[in-house]
Each structure stands twice: as C-alpha cells, then as structure tokens.
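Raw contents of data.cif, mmCIF, C-alpha atoms:
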data_final
loop_
_atom_site.label_atom_id
_atom_site.label_comp_id
_atom_site.auth_asym_id
_atom_site.auth_seq_id
_atom_site.Cartn_x
_atom_site.Cartn_y
_atom_site.Cartn_z
CA LYS A 1 19.74 13.39 2.08
CA HIS A 2 21.03 15.32 5.09
CA SER A 3 19.08 18.54 5.60
CA ASP A 4 20.02 19.01 9.29
CA ASP A 5 23.67 19.88 10.04
CA VAL A 6 23.61 18.23 13.50
CA CYS A 7 21.17 15.33 13.20
CA GLY A 8 21.19 14.55 9.49
CA THR A 9 17.39 14.54 9.07
CA HIS A 10 14.30 15.76 10.83
CA HIS A 11 13.68 12.18 11.99
CA ALA A 12 16.77 12.15 14.22
CA ARG A 13 16.10 15.72 15.37
CA ASP A 14 12.60 14.66 16.49
CA VAL A 15 13.98 11.62 18.33
CA ARG A 16 16.60 13.78 20.06
CA ARG A 17 13.87 16.15 21.23
CA VAL A 18 11.88 13.23 22.68
CA PHE A 19 14.95 12.04 24.61
CA GLU A 20 15.59 15.59 25.83
CA THR A 21 12.16 15.60 27.50
CA LEU A 22 13.52 12.71 29.58
CA GLY A 23 16.73 14.59 30.39
CA VAL A 24 18.81 12.42 28.04
CA GLN A 25 21.21 13.93 25.51
CA ALA A 26 21.29 11.24 22.80
CA PRO A 27 23.74 11.58 19.88
CA ILE A 28 21.32 10.45 17.19
CA ILE A 29 22.05 10.89 13.49
CA SER A 30 19.98 9.63 10.58
CA SER A 31 20.00 9.59 6.80
CA SER A 32 17.05 9.69 4.43
CA LEU A 33 16.57 7.55 1.34
CA GLN A 34 13.42 7.79 -0.73
CA ILE A 35 12.35 4.61 -2.52
CA PRO A 36 9.05 3.69 -4.20
CA THR A 37 7.36 1.39 -1.68
CA MET A 38 4.20 1.06 0.38
CA LEU A 39 6.28 2.07 3.37
CA MET A 40 6.75 5.56 4.64
CA HIS A 41 10.39 4.83 5.52
CA THR A 42 12.95 2.07 5.57
CA LEU A 43 15.39 2.70 8.42
CA ARG A 44 18.77 1.38 9.46
CA PHE A 45 19.29 1.62 13.20
CA SER A 46 22.41 1.42 15.33
CA PHE A 47 22.19 1.76 19.12
CA ARG A 48 25.26 1.92 21.36
CA VAL A 49 24.64 0.01 24.59
CA SER A 50 26.40 0.64 27.90
CA GLY A 51 26.65 -1.91 30.67
CA ASP A 52 25.82 -5.54 30.05
CA ILE A 53 25.72 -6.29 26.33
CA PRO A 54 22.53 -8.23 25.54
CA SER A 55 22.44 -11.26 23.31
CA ARG A 56 20.70 -11.06 19.93
CA GLU A 57 17.92 -13.27 21.30
CA THR A 58 17.41 -10.93 24.29
CA VAL A 59 17.20 -7.94 21.95
CA LEU A 60 14.65 -9.65 19.69
CA GLU A 61 12.54 -10.67 22.69
CA ALA A 62 12.58 -7.06 23.96
CA PHE A 63 11.43 -5.86 20.54
CA ARG A 64 8.64 -8.46 20.50
CA GLU A 65 7.39 -7.31 23.92
CA ARG A 66 7.13 -3.62 22.95
CA ALA A 67 3.70 -2.18 22.29
CA LEU A 68 3.30 -0.51 18.90
CA LEU A 69 6.24 -2.44 17.44
CA ALA A 70 6.15 -5.56 15.28
CA THR A 71 8.86 -7.95 14.24
CA SER A 72 9.04 -9.89 11.01
CA GLU A 73 11.07 -12.67 9.49
CA TYR A 74 10.23 -11.17 6.09
CA GLN A 75 13.00 -9.08 4.60
CA TYR A 76 11.11 -7.54 1.69
CA ALA A 77 8.66 -4.68 2.01
CA SER A 78 6.32 -6.43 -0.40
CA GLU A 79 6.13 -9.50 1.86
CA VAL A 80 5.48 -7.48 5.01
CA PHE A 81 2.73 -5.47 3.38
CA SER A 82 1.20 -8.44 1.62
CA ALA A 83 0.76 -10.07 5.04
CA ALA A 84 -0.67 -6.84 6.44
CA ARG A 85 -3.14 -6.39 3.59
CA ASP A 86 -4.27 -10.03 3.88
CA GLN A 87 -4.43 -10.32 7.67
CA GLY A 88 -4.45 -6.83 9.20
CA PHE A 89 -7.43 -4.98 10.60
CA ASN A 90 -9.11 -3.68 7.44
CA GLY A 91 -5.84 -4.36 5.63
CA ARG A 92 -3.93 -1.99 7.91
CA LEU A 93 -0.61 -2.36 9.69
CA LEU A 94 -1.00 -0.20 12.80
CA GLU A 95 2.39 -0.70 14.44
CA GLN A 96 4.77 2.27 14.48
CA THR A 97 7.57 0.15 13.06
CA VAL A 98 8.30 -3.39 11.89
CA VAL A 99 11.76 -4.64 12.89
CA VAL A 100 13.21 -7.04 10.31
CA ALA A 101 14.42 -9.78 12.68
CA PRO A 102 17.05 -11.39 10.39
CA THR A 103 18.86 -8.03 10.13
CA VAL A 104 19.21 -7.55 13.90
CA ALA A 105 22.73 -8.12 15.23
CA VAL A 106 24.70 -7.36 18.36
CA ILE A 107 28.15 -6.18 17.28
CA GLY A 108 30.45 -5.11 20.09
CA ASP A 109 28.53 -2.49 22.06
CA ARG A 110 25.98 -1.86 19.27
CA ILE A 111 22.59 -3.23 18.32
CA VAL A 112 22.07 -2.81 14.57
CA GLY A 113 19.39 -3.71 12.07
CA PHE A 114 16.67 -2.48 9.72
CA CYS A 115 13.00 -1.68 10.21
CA PHE A 116 10.07 -0.48 8.14
CA THR A 117 7.78 2.37 9.19
CA PRO A 118 4.27 1.66 7.91
CA GLN A 119 2.31 4.62 6.59
CA ASP A 120 -0.77 3.31 8.43
CA GLY A 121 0.82 3.14 11.87
CA ASN A 122 2.84 6.29 11.43
CA SER A 123 0.12 8.63 10.25
CA LEU A 124 -3.13 7.08 11.51
CA LEU A 125 -2.06 5.79 14.91
CA SER A 126 0.20 8.78 15.65
CA SER A 127 -2.69 11.15 14.92
CA VAL A 128 -5.03 9.20 17.17
CA ALA A 129 -2.40 9.10 19.94
CA ALA A 130 -1.89 12.87 19.76
CA ILE A 131 -5.63 13.51 20.04
CA VAL A 132 -6.15 11.00 22.87
CA GLU A 133 -3.17 12.42 24.80
CA ASP A 134 -4.59 15.93 24.45
CA ILE A 135 -8.03 14.80 25.68
CA ASP A 136 -6.74 12.57 28.51
CA PRO A 137 -3.13 13.42 29.47
CA GLU A 138 -3.13 11.05 32.47
CA GLY A 139 -4.79 8.00 30.90
CA TRP A 140 -3.92 8.26 27.22
CA TRP A 141 -1.51 5.29 27.19
CA ASP A 142 -4.15 3.02 28.73
CA ARG A 143 -6.64 4.17 26.10
CA MET A 144 -4.12 3.50 23.32
CA ALA A 145 -3.78 -0.08 24.59
CA ASN A 146 -7.24 -0.68 23.09
CA PHE A 147 -5.62 -0.58 19.65
CA GLN A 148 -3.31 -3.52 20.42
CA LYS A 149 -6.04 -6.02 19.59
CA TRP A 150 -5.68 -4.90 15.96
CA GLN A 151 -1.92 -5.13 15.84
CA PHE A 152 0.14 -8.05 14.60
CA GLY A 153 3.08 -8.10 16.96
CA ARG A 154 4.70 -10.39 14.41
CA VAL A 155 4.30 -10.15 10.67
#
Rewritten as structure tokens:
Amino acid sequence: KHSDDVCGTHHARDVRRVFETLGVQAPIISSSLQIPTMLMHTLRFSFRVSGDIPSRETVLEAFRERALLATSEYQYASEVFSAARDQGFNGRLLEQTVVVAPTVAVIGDRIVGFCFTPQDGNSLLSSVAAIVEDIDPEGWWDRMANFQKWQFGRV
C-alpha cells in the first residue's frame, strides 16, 4: 500500500522528517504489507552508502553495537518472538527493531536486508522515550539507557 505520493507510506515520511531535523534530505521510500503476525511490521531496507563501502561483517557489527536494536539469526517471526516470550523481560522484546542477520547483504553501494519491528519496543518504549524526553530534554538519552538491561541485543 502506498498512501503517500512522495514517500510511499507514513513510515518513510516520518523517517524523512527525522533526517530533516539534522539538515539531511534523505530520499526514503517505503511500502506497507500487512500480515498476521506478532510483529507490528516486517520491513525490507535498502541504504545507499557513499564513500568507503563497508563489508557485510562491518555492517552487522555496527548493527549489534546500536542501542535499541537487536540482531537475530532467526528468519521467522515465530522464532524471534518465541525467544522473546521465553527469555525477555516479562516476555517483552523492547528493541525498536530486530535485524535478521542472514538477510543483510552489501551489494554495490547498498546495504540491504529485512528487520522486524516488535509491537512491544515500538509502542511501549517509544511512548516512554517521548515522555522522558519531554521531562528531561538534556538527559533523556542517558535515562533511556536504563532500559538496556532488559534488552536482548541478540535474539
């Protein structure tokens, strides 16, 4: 589904607006596919890279080092969420996204792959972040770091 003539979906429009706050005009386009799953979204990503082209291993390591992002060797939503329900804090997966490591590739000047957006991390953690940022604009990121002890990092 493409409800936005420029960006495709509201997801890409939101990401473009975030980049614009940094003074970056990013040509981001997305598509929406609704499937019955425990996930809020399943996303395909494709980033064009300028300068030195990183290796696949370098890209995966960068993903693994990012706060609020998990990586997984699992390729099925059911496997990712089974692990989260069994091992997560109160059965929750609080990362903003879970990058499916086997799908990540460096092709020419692009980094491509798939990721899952957990409902828990997207709605719960985003809401908490918005409130904390409003209460403490200068120190909100440090306060959000307290949640990392409940995150997987790798699923």
Residues near Phe63 of chain A, cut-off 12 Å, only C-alpha atoms, skip fewer than 3 positions along chain, as a short mmCIF file (atom, residue, chain, number, x, y, z; two decimals) with C-alpha atoms, in the coordinates of the input:
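Generated output (part-v9.cif):
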data_model
loop_
_atom_site.label_atom_id
_atom_site.label_comp_id
_atom_site.auth_asym_id
_atom_site.auth_seq_id
_atom_site.Cartn_x
_atom_site.Cartn_y
_atom_site.Cartn_z
CA ARG A 56 20.70 -11.06 19.93
CA GLU A 57 17.92 -13.27 21.30
CA THR A 58 17.41 -10.93 24.29
CA VAL A 59 17.20 -7.94 21.95
CA LEU A 60 14.65 -9.65 19.69
CA ARG A 66 7.13 -3.62 22.95
CA ALA A 67 3.70 -2.18 22.29
CA LEU A 68 3.30 -0.51 18.90
CA LEU A 69 6.24 -2.44 17.44
CA ALA A 70 6.15 -5.56 15.28
CA THR A 71 8.86 -7.95 14.24
CA SER A 72 9.04 -9.89 11.01
CA THR A 97 7.57 0.15 13.06
CA VAL A 98 8.30 -3.39 11.89
CA VAL A 99 11.76 -4.64 12.89
CA VAL A 100 13.21 -7.04 10.31
CA ALA A 101 14.42 -9.78 12.68
CA VAL A 104 19.21 -7.55 13.90
CA ILE A 111 22.59 -3.23 18.32
CA GLY A 113 19.39 -3.71 12.07
CA CYS A 115 13.00 -1.68 10.21
CA GLY A 153 3.08 -8.10 16.96
CA ARG A 154 4.70 -10.39 14.41
#
Option closest in space to Arg13 of chain A, from A:Gln75, A:Ser82, A:Ser123, A:Gln25 [counting all atoms listed in the file]: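 Checking each of A:Gln75, A:Ser82, A:Ser123, A:Gln25 against Arg13 of chain A, counting all atoms listed in the file, the winner is A:Gln25.
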Using only C-alpha atoms, determine which residues lie at most 6 Å from Ile29 of chain A, disregarding the query and same-chain residues fewer than 3 positions distant; provide the list as a PyMOL selection string. chain A and resi 7-8+12
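Straight-line separation from atom CA of Arg17 of chain A to atom CA of Phe116 of chain A: 21.5 Å.
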Let me make sure I understand: among A:Gly23, A:Gly51, A:Pro118, A:Gly139, which one has the smallest atom-to-atom distance to Leu94 of chain A if we use all atoms listed in the file? A:Pro118
Name all residues at most 8 Å from Thr9 of chain A (count all atoms listed in the file; drop same-chain ones fewer than 3 positions away) and give them as a list in words.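 Returned residues: Lys1, His2, Ser3, Asp4, Ala12, Arg13, Ile29, Ser30, Ser31 and Ser32 of chain A.
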Atom CA of Val18 of chain A to atom CA of Thr103 of chain A measures 25.7 Å
Nearest candidate to Thr42 of chain A (options A:Pro27, A:Asp14, A:Val106, A:Thr117; using all atoms listed in the file):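 Looking only at the distances to Thr42 of chain A, the closest residue turns out to be A:Thr117.
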Report the distance between atom CA of Val49 of chain A and atom CA of Trp141 of chain A in Å, rounded to one decimal place.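 Computing the Euclidean distance for atom CA of Val49 of chain A and atom CA of Trp141 of chain A yields 26.8 Å.
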Among the residues A:Ala129, A:Ala83, A:Ala77, A:Leu43, the one that comes closest to Asp142 of chain A [using only C-alpha atoms]: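 Of A:Ala129, A:Ala83, A:Ala77, A:Leu43, the one nearest Asp142 of chain A, counting only C-alpha atoms, is A:Ala129.
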Residues within 12 Å of Asp52 of chain A, please, as a count of residues only. Count all atoms listed in the file; anything in the same chain fewer than 2 positions from it doesn't count. 10
With all atoms listed in the file as the atoms that count, which of A:Asp5, A:Leu22, A:Arg44, A:Asp120 lies nearest to Phe89 of chain A?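 Going through A:Asp5, A:Leu22, A:Arg44, A:Asp120 one by one, the smallest distance to Phe89 of chain A is for A:Asp120.
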